Number of protein chains: 2
Amino acid sequence: MYLECLMLNRTFKQRYLVADQYWKKDNGPILFYTGNEGDITWFCNNTGFMWDVAEELEAMLVFAEHRYYGESLPFGNESFSDSKHLNYLTSEQALADFAVLVEYLKSSIAGARHSPVIAIGGSYGGMLAAWFRMKYPHVVVGALAASAPIWQFNDLVPCGTFFSIVTNDFKKSGTGCSESIRNSWNAINHLSSTDAGLQWLSNTFHLCSPLKNLQDAAVLKNWLSETWVNLAMVNYPYKADFLQPLPAWPIQEVCKFLKDPSLSDKALLQNVFRAVNLYYNYTGEASCLDVSQTATKSLGEMGWYYQTCTEMVMPLCTDGVHDMFEPQKWDFDALSEECQRMWGVRPRLSWILSMYGGKNINSHSNIIFSNGGLDPWSAGGVTQNITNSLVAVVIPDGAHHLDLRSRNPLDPKSVQQARALEICLMKQWIETARHSH
Amino acid sequence: MYLECLMLNRTFKQRYLVADQYWKKDNGPILFYTGNEGDITWFCNNTGFMWDVAEELEAMLVFAEHRYYGESLPFGNESFSDSKHLNYLTSEQALADFAVLVEYLKSSIAGARHSPVIAIGGSYGGMLAAWFRMKYPHVVVGALAASAPIWQFNDLVPCGTFFSIVTNDFKKSGTGCSESIRNSWNAINHLSSTDAGLQWLSNTFHLCSPLKNLQDAAVLKNWLSETWVNLAMVNYPYKADFLQPLPAWPIQEVCKFLKDPSLSDKALLQNVFRAVNLYYNYTGEASCLDVSQTATKSLGEMGWYYQTCTEMVMPLCTDGVHDMFEPQKWDFDALSEECQRMWGVRPRLSWILSMYGGKNINSHSNIIFSNGGLDPWSAGGVTQNITNSLVAVVIPDGAHHLDLRSRNPLDPKSVQQARALEICLMKQWIETARHSH
C-alpha cells in the first residue's frame, strides 16, 4: 500500500505493508516497524518476531518504508541525482512520515482509532523506533529498539569498541582465527607491492575485476574488513539468509579455514579466500567475487552513504592491538572532504546529539533497548537500564538484532528470555494505554 | 550577540541577548526566552518577570531571536521574497536553533556546563517554550508557557470561544459597551453603501487613506475587530506600552465612550472613533489613523503571515450572538486560496497536531501553562492540570501573559500568586536537575 506524503507542496508515494489477520478489530494494538535503509519487503521478511507475536497480542503489523529507500523515492530516479534532491533525506523527516502514516491508519482503518501503537525496529530502524517514541510519544506508546547504536555518535563511546567486539567474535570461534586475519593485512601489503602479486591476489580471491594498483588493494582490504564485520553481525545460531545465505554460527565455519596464523603469506591468504568465499558463495552460485558489494542489494547504499555524510556520522577506529584490523584512526576531516566531493555536503558531527539527546534521555519512557553480545553495534547501544521504563536487554549469545528474527529451535536461552521480557513489557504498555481511555 | 546558524551548508546570524549580572557562575540556572514573531529586544523589554526573578534564582537571562524576525534574517532582505526563501521558517527549525544555541552557550560560557536551563515564552513564544521542553527535554529541564494557545488548532477547541472572551471583557467593562460595538457593524454597512457615507467614515475616523469602496470598508471593519481583540489582550491593570501605549484597564477607558448602543449610526460611530482613538492615539501624537497597522511595528507581520499560511493555522470564528462581532464562519478554503495566491503555499491543517501531539501530551513533564482569564488566547490554552508536572495556572484578572510582565503595585493578587507558583516550580526543577548531577 502507499500513502501520499507531502513534500513542499508536492507529494510522493510512501510504501507500507500491512498484515491484519490476527488483529483484534476493536482497537487491538498495532506493531509498527520503523523502516530503515532498505527495501521494506526485505525487513518485513527478516523480522519474524513481529509475525510470531501478532497472534498472541492480537496485533496488526505495519511495515513502513523509509523515504529514499526501496520504492519510496520522493523524486523517482532523480532522487539521488544531487544534494538538492537528497535534501529531504533525514531521520527527522522519516519520523514525521511515520507519525503521519500512523495517524492516517488510525483514522482510516475502522476500529483502529484507539489502537495503541508500538514502534519496532532494528539497527538504524531501531534508532528510529527509539527516537520515534522520544519525539512522538503521542503517536506510539512505546518502542522496541533492537541493536540500535544510538550512542555510536560523536564522543559518547570509544570508537574502537566496535571492532574489538568483531575481533572477540573471531577469537572465541576458533584457535588462530583472529590472529590469521590480523596477519592477513601485511600479507596483502607484501603481495600488492608487485604486479605479479596483484595478479595472484586477483586470481586467488576469484575477483570479478582484477586489482591493478595499491588503491585497488586498499579496496580489497576494506572489502575483507567489511566481510568480517558483516559476519559478526549475522553470527546467528542457525542457517540463515540475512545479508548473505550462511550456515549456523558462520564465524565458527569461517574460522575452520583460519587455524594457522603463522603460514606463509600466500598460504594464509588462500585460507582467507576460503573464509570469505564461504560468506559470499555459500550457495556456490557466484562465479566471481565482487569487492564493491558486501551485503544484500536490498540495502540502499546510496541513500545511506548520503546519510552518513550528513547526520549519521558514527566514529569508528582500529588500532591492530585490541582488534585484528589494520590500525586506522577516526578521521572526521577525511570523511568531510569525501562527502563534500561526493555530494557537496559536509557531515554535522554533533547534530544527532543535539536532536536526540545523546546520553541525556532519562526523561523519556517506554523504550526497550536490546543488544546482542556478539554484535559489534552493541558498542554504541544502551546496555544498562536507564530508568524503570528505559530498559536494556542484553543477549550475550546474540548477533545483530537476533531477537527480531523468527523463533527457531536453535535459539539460545538468552534470546528466548529477551523476547519474553519484550513481550511482557509490550503487553504492559498496551494495558496502560487501554486503561487511559 | 549573534550565533552562526547552519542552513543547508550556509549559515546565518541569529541574534540573542544575555544578561548575567545575577548569574551564579558555578552552574547557576539559565532562563531562556524562546523568542517569537518579532524583534527580540522588544520581547526582552516586555518580559520583566525574568528580570524580576533573576536575582532570586541567581539566573542568567538569555533572549533568543526567532529566525526570520528582527535582525535574524537568514537571507537578509531577500528572506521574504518568495516561498523558496521562506521555506526554512518553521517552528521546528526555530526549536532546533534554540537547542543548538543552548548547547553552544553551555559549552562556551565558563561555569555554564551543568547549568539547568528553563524555557520561558509568551504567546507563540509560549508555545515554543512548551514544545521546546516536549521535543528537547535533554536541553531544557522545564518550561513556562505563558498564554500559549497550543490547542487553538484544528478542531481541538471551538473556534468561537476566542471572540466570546473578547466580548465578555467589553461586556464586563461598561454598560452598553459590547452592544455598542455589536451595533457598529451595521452602522458602518449603512454608511459605506454611499460615497458620502464613505467620505464621512474616512473623516470621522481620521483615516490616513480615505475609504473608496466596500472593500475598503471591510478593511475598516477588520481593523476595528483587531483593535478590540488587541485591547482584550493588553487589558492590563496599569498604564503600559505593549502593543500600544495605553492607560490602566484600557477597556474600561474605551467603554466610557460606548455607553449607549441605541444612538444613531453616526453618533454611535463617532463614539467608536473616540474608543479606537484612545488605543491608537493615547499619546496624542498620531495625526491620522492607519487601518493597515494595529500594533507595534516590532512584530514581524510578513513572517507571521507566512507561518499562518503553513503551520500555524488557528481556526477562529464569530456568530454575532455569543460575541459582538459580525458573523464570520471559519473558512479554511478561503485561507488556503489566499495563501496560495500570496506565497504559493497551502496551510497544512493538522500538522501542528501531528508534530506536537494536540491534547495527547501527558507523557511530557515540567511544563507550566499559564493563562489569563481576560485573554482571548486562553481559549486555546491549557487551563486545567494534565498531570502533576503539566500544571495549569489560571489568572482570572490577567490579560495576555500578564505574569511575564514586571511586578507592579497594581498587580492583582491572582497574578502575584501565579508568579509565586511559577517561581516555586522552577526552583523545584532546578533543584532536581542539580541533584541528578
# chains A, B, ... in the order shown; residues from 1 in each chain; ligands from 1
>>> residues_around(residues="region 422-435 of chain A", least_positions_apart="4", cutoff="8 Å", atoms="only C-alpha atoms", output="short mmCIF file (atom, residue, chain, number, x, y, z; two decimals) with N, CA, C and O atoms, in the first residue's frame")
data_model
loop_
_atom_site.label_atom_id
_atom_site.label_comp_id
_atom_site.auth_asym_id
_atom_site.auth_seq_id
_atom_site.Cartn_x
_atom_site.Cartn_y
_atom_site.Cartn_z
N PRO A 29 -3.84 -3.77 19.27
CA PRO A 29 -2.62 -2.96 19.08
C PRO A 29 -2.08 -3.05 17.64
O PRO A 29 -2.41 -3.94 16.88
N VAL A 53 4.58 -12.85 17.25
CA VAL A 53 3.80 -12.36 18.39
C VAL A 53 2.45 -11.78 17.99
O VAL A 53 1.64 -11.44 18.85
N LEU A 57 -0.63 -11.11 20.69
CA LEU A 57 -1.01 -9.72 21.02
C LEU A 57 -2.25 -9.26 20.27
O LEU A 57 -2.70 -8.14 20.46
N PRO A 116 -3.46 1.12 20.46
CA PRO A 116 -2.12 1.54 20.88
C PRO A 116 -1.09 1.07 19.85
O PRO A 116 -1.18 -0.05 19.33
N ILE A 118 2.90 0.41 18.87
CA ILE A 118 4.26 0.20 19.38
C ILE A 118 5.23 0.23 18.21
O ILE A 118 5.03 -0.46 17.20
N VAL A 141 3.01 4.29 21.95
CA VAL A 141 3.02 4.13 23.42
C VAL A 141 4.34 3.56 23.92
O VAL A 141 4.62 3.60 25.12
N GLY A 142 5.16 3.06 23.02
CA GLY A 142 6.44 2.51 23.41
C GLY A 142 7.21 2.07 22.20
O GLY A 142 6.71 2.13 21.07
N LEU A 144 10.38 -0.82 20.77
CA LEU A 144 11.41 -1.85 20.91
C LEU A 144 12.52 -1.51 19.93
O LEU A 144 12.33 -1.61 18.71
N ASN A 366 9.20 4.11 28.28
CA ASN A 366 8.70 3.00 27.45
C ASN A 366 9.54 2.70 26.22
O ASN A 366 9.03 2.63 25.10
N ILE A 368 12.50 -0.16 25.03
CA ILE A 368 13.37 -1.31 25.28
C ILE A 368 14.55 -1.21 24.32
O ILE A 368 14.36 -1.11 23.10
N ALA A 418 14.96 -12.86 26.36
CA ALA A 418 14.85 -11.47 25.93
C ALA A 418 13.49 -11.22 25.29
O ALA A 418 12.80 -10.26 25.62
#
>>> interface_residues(of="chain A", to="chain B", cutoff="9 Å", atoms="only C-alpha atoms", output="list in words")
Leu8, Asn9, Asn87, Ala96, Ala99, Val100, Glu103, Met134, Lys135, Tyr136, Pro137, His138, Val139, Gly344, Val345, Arg346, Trp351, Ser354, Met355, Tyr356, Gly357, Gly358, Lys359, Asn360, Ile361, Asn362, Ser363, His364 and Ser365 of chain A
>>> residues_around(residues="Val219 (chain B)", least_positions_apart="6", cutoff="10 Å", atoms="only C-alpha atoms", output="PyMOL selection string")
chain B and resi 211+225+291-292
>>> select_by_dssp(residues="region 51-105 of chain B", states="alpha helix (DSSP H)", output="short mmCIF file (atom, residue, chain, number, x, y, z; two decimals) with C-alpha atoms, in the first residue's frame")
data_model
loop_
_atom_site.label_atom_id
_atom_site.label_comp_id
_atom_site.auth_asym_id
_atom_site.auth_seq_id
_atom_site.Cartn_x
_atom_site.Cartn_y
_atom_site.Cartn_z
CA TRP B 51 14.44 40.34 35.18
CA ASP B 52 12.49 40.35 38.45
CA VAL B 53 13.39 36.75 39.33
CA ALA B 54 16.97 36.73 38.04
CA GLU B 55 18.48 37.73 41.38
CA GLU B 56 16.38 35.33 43.45
CA LEU B 57 17.21 32.42 41.17
CA SER B 83 8.38 30.72 -0.60
CA LYS B 84 11.77 29.31 -1.60
CA HIS B 85 13.46 31.71 0.78
CA LEU B 86 10.71 31.35 3.38
CA SER B 91 8.57 26.23 14.44
CA GLU B 92 10.65 23.04 14.23
CA GLN B 93 13.60 24.91 12.76
CA ALA B 94 13.22 27.61 15.41
CA LEU B 95 13.33 24.97 18.16
CA ALA B 96 16.42 23.39 16.62
CA ASP B 97 18.07 26.84 16.55
CA PHE B 98 17.27 27.22 20.23
CA ALA B 99 18.67 23.76 21.06
CA VAL B 100 21.93 24.45 19.27
CA LEU B 101 22.17 27.89 20.88
CA VAL B 102 21.70 26.47 24.39
CA GLU B 103 24.37 23.86 23.75
CA TYR B 104 26.69 26.49 22.38
CA LEU B 105 26.19 28.72 25.43
#
>>> residues_around(residues="Trp223 (chain B)", least_positions_apart="5", cutoff="10 Å", atoms="only C-alpha atoms", output="ChimeraX atom specification")
/B:217-218,228-229,276,290-294
>>> decode(residues="region 125-246 of chain B", atoms="C-alpha atoms", output="compact mmCIF listing (two decimals), in the first residue's frame")
# COMPACT_ATOMS: atom_id res chain seq x y z
CA GLY B 125 6.84 32.12 22.25
CA GLY B 126 4.98 30.25 24.99
CA MET B 127 4.02 27.52 22.55
CA LEU B 128 7.68 27.34 21.56
CA ALA B 129 8.70 27.09 25.22
CA ALA B 130 6.27 24.20 25.79
CA TRP B 131 7.23 22.46 22.55
CA PHE B 132 10.91 23.00 23.32
CA ARG B 133 10.52 21.04 26.55
CA MET B 134 8.46 18.36 24.74
CA LYS B 135 10.92 17.87 21.91
CA TYR B 136 14.21 18.69 23.63
CA PRO B 137 13.83 17.54 27.25
CA HIS B 138 17.59 16.93 27.23
CA VAL B 139 18.15 20.65 26.63
CA VAL B 140 15.66 22.29 29.00
CA VAL B 141 14.61 20.96 32.40
CA GLY B 142 11.24 22.67 32.19
CA ALA B 143 9.18 25.36 30.51
CA LEU B 144 6.95 28.25 31.48
CA ALA B 145 4.49 28.64 28.63
CA ALA B 146 2.57 31.84 29.27
CA SER B 147 -0.66 32.46 27.34
CA ALA B 148 0.30 29.77 24.86
CA PRO B 149 -2.71 28.67 22.82
CA ILE B 150 -1.24 25.25 21.96
CA TRP B 151 -4.77 23.89 21.41
CA GLN B 152 -6.04 26.66 19.10
CA PHE B 153 -5.53 24.24 16.19
CA ASN B 154 -7.73 22.11 14.01
CA ASP B 155 -10.82 21.00 15.96
CA LEU B 156 -9.28 20.86 19.44
CA VAL B 157 -11.31 23.80 20.76
CA PRO B 158 -14.42 25.59 19.46
CA CYS B 159 -13.44 28.34 17.02
CA GLY B 160 -15.81 30.86 18.62
CA THR B 161 -14.52 30.94 22.19
CA PHE B 162 -11.74 33.37 21.36
CA PHE B 163 -14.11 36.15 20.29
CA SER B 164 -16.62 35.44 23.02
CA ILE B 165 -13.84 36.09 25.58
CA VAL B 166 -13.08 39.40 23.89
CA THR B 167 -16.78 40.21 24.06
CA ASN B 168 -17.01 39.32 27.74
CA ASP B 169 -14.14 41.67 28.51
CA PHE B 170 -16.09 44.53 26.97
CA LYS B 171 -19.38 43.44 28.48
CA LYS B 172 -17.85 43.49 31.97
CA SER B 173 -16.12 46.83 31.45
CA GLY B 174 -19.08 49.09 30.96
CA THR B 175 -22.80 49.14 30.40
CA GLY B 176 -23.75 49.17 26.73
CA CYS B 177 -20.16 48.66 25.66
CA SER B 178 -20.27 45.34 23.82
CA GLU B 179 -23.72 46.19 22.42
CA SER B 180 -22.39 49.45 21.02
CA ILE B 181 -19.66 47.55 19.22
CA ARG B 182 -22.11 44.90 18.01
CA ASN B 183 -24.31 47.66 16.57
CA SER B 184 -21.39 49.46 14.98
CA TRP B 185 -21.01 46.96 12.13
CA ASN B 186 -24.40 47.64 10.65
CA ALA B 187 -23.85 51.36 11.12
CA ILE B 188 -20.69 51.06 9.03
CA ASN B 189 -22.51 48.90 6.49
CA HIS B 190 -25.23 51.53 6.13
CA LEU B 191 -22.80 54.39 5.70
CA SER B 192 -20.40 52.61 3.40
CA SER B 193 -23.17 51.98 0.86
CA THR B 194 -22.81 55.59 -0.37
CA ASP B 195 -19.82 57.67 -1.40
CA ALA B 196 -20.86 60.38 1.02
CA GLY B 197 -21.01 57.82 3.78
CA LEU B 198 -17.52 56.52 2.94
CA GLN B 199 -16.27 60.10 2.99
CA TRP B 200 -17.93 60.67 6.35
CA LEU B 201 -16.36 57.48 7.76
CA SER B 202 -12.92 58.48 6.48
CA ASN B 203 -13.19 61.90 8.09
CA THR B 204 -14.76 60.70 11.30
CA PHE B 205 -12.10 58.01 11.85
CA HIS B 206 -9.30 60.40 10.85
CA LEU B 207 -8.07 57.80 8.37
CA CYS B 208 -4.73 58.38 6.70
CA SER B 209 -6.12 56.99 3.41
CA PRO B 210 -9.79 57.65 2.65
CA LEU B 211 -12.15 54.71 2.07
CA LYS B 212 -13.10 54.37 -1.59
CA ASN B 213 -15.37 51.34 -1.76
CA LEU B 214 -16.96 48.47 0.09
CA GLN B 215 -13.67 46.56 0.13
CA ASP B 216 -12.06 49.44 2.00
CA ALA B 217 -14.99 49.46 4.38
CA ALA B 218 -14.36 45.76 5.02
CA VAL B 219 -10.76 46.62 5.83
CA LEU B 220 -12.01 49.25 8.26
CA LYS B 221 -14.24 46.70 10.00
CA ASN B 222 -11.42 44.22 10.16
CA TRP B 223 -9.14 46.81 11.64
CA LEU B 224 -11.75 47.68 14.26
CA SER B 225 -12.17 43.98 15.13
CA GLU B 226 -8.45 43.59 15.56
CA THR B 227 -8.41 46.67 17.71
CA TRP B 228 -11.00 45.21 20.09
CA VAL B 229 -9.05 41.94 20.17
CA ASN B 230 -5.81 43.75 20.88
CA LEU B 231 -7.46 45.72 23.67
CA ALA B 232 -8.57 42.44 25.21
CA MET B 233 -5.02 41.15 25.01
CA VAL B 234 -3.49 44.20 26.66
CA ASN B 235 -6.20 44.90 29.21
CA TYR B 236 -3.61 45.31 31.94
CA PRO B 237 -4.35 46.79 35.40
CA TYR B 238 -1.83 49.61 35.00
CA LYS B 239 -0.56 52.03 32.38
CA ALA B 240 1.53 50.07 29.93
CA ASP B 241 3.01 50.13 26.48
CA PHE B 242 2.92 46.71 24.90
CA LEU B 243 1.11 46.78 21.56
CA GLN B 244 0.36 50.50 22.07
CA PRO B 245 0.81 53.00 24.92
CA LEU B 246 -2.36 52.69 27.00
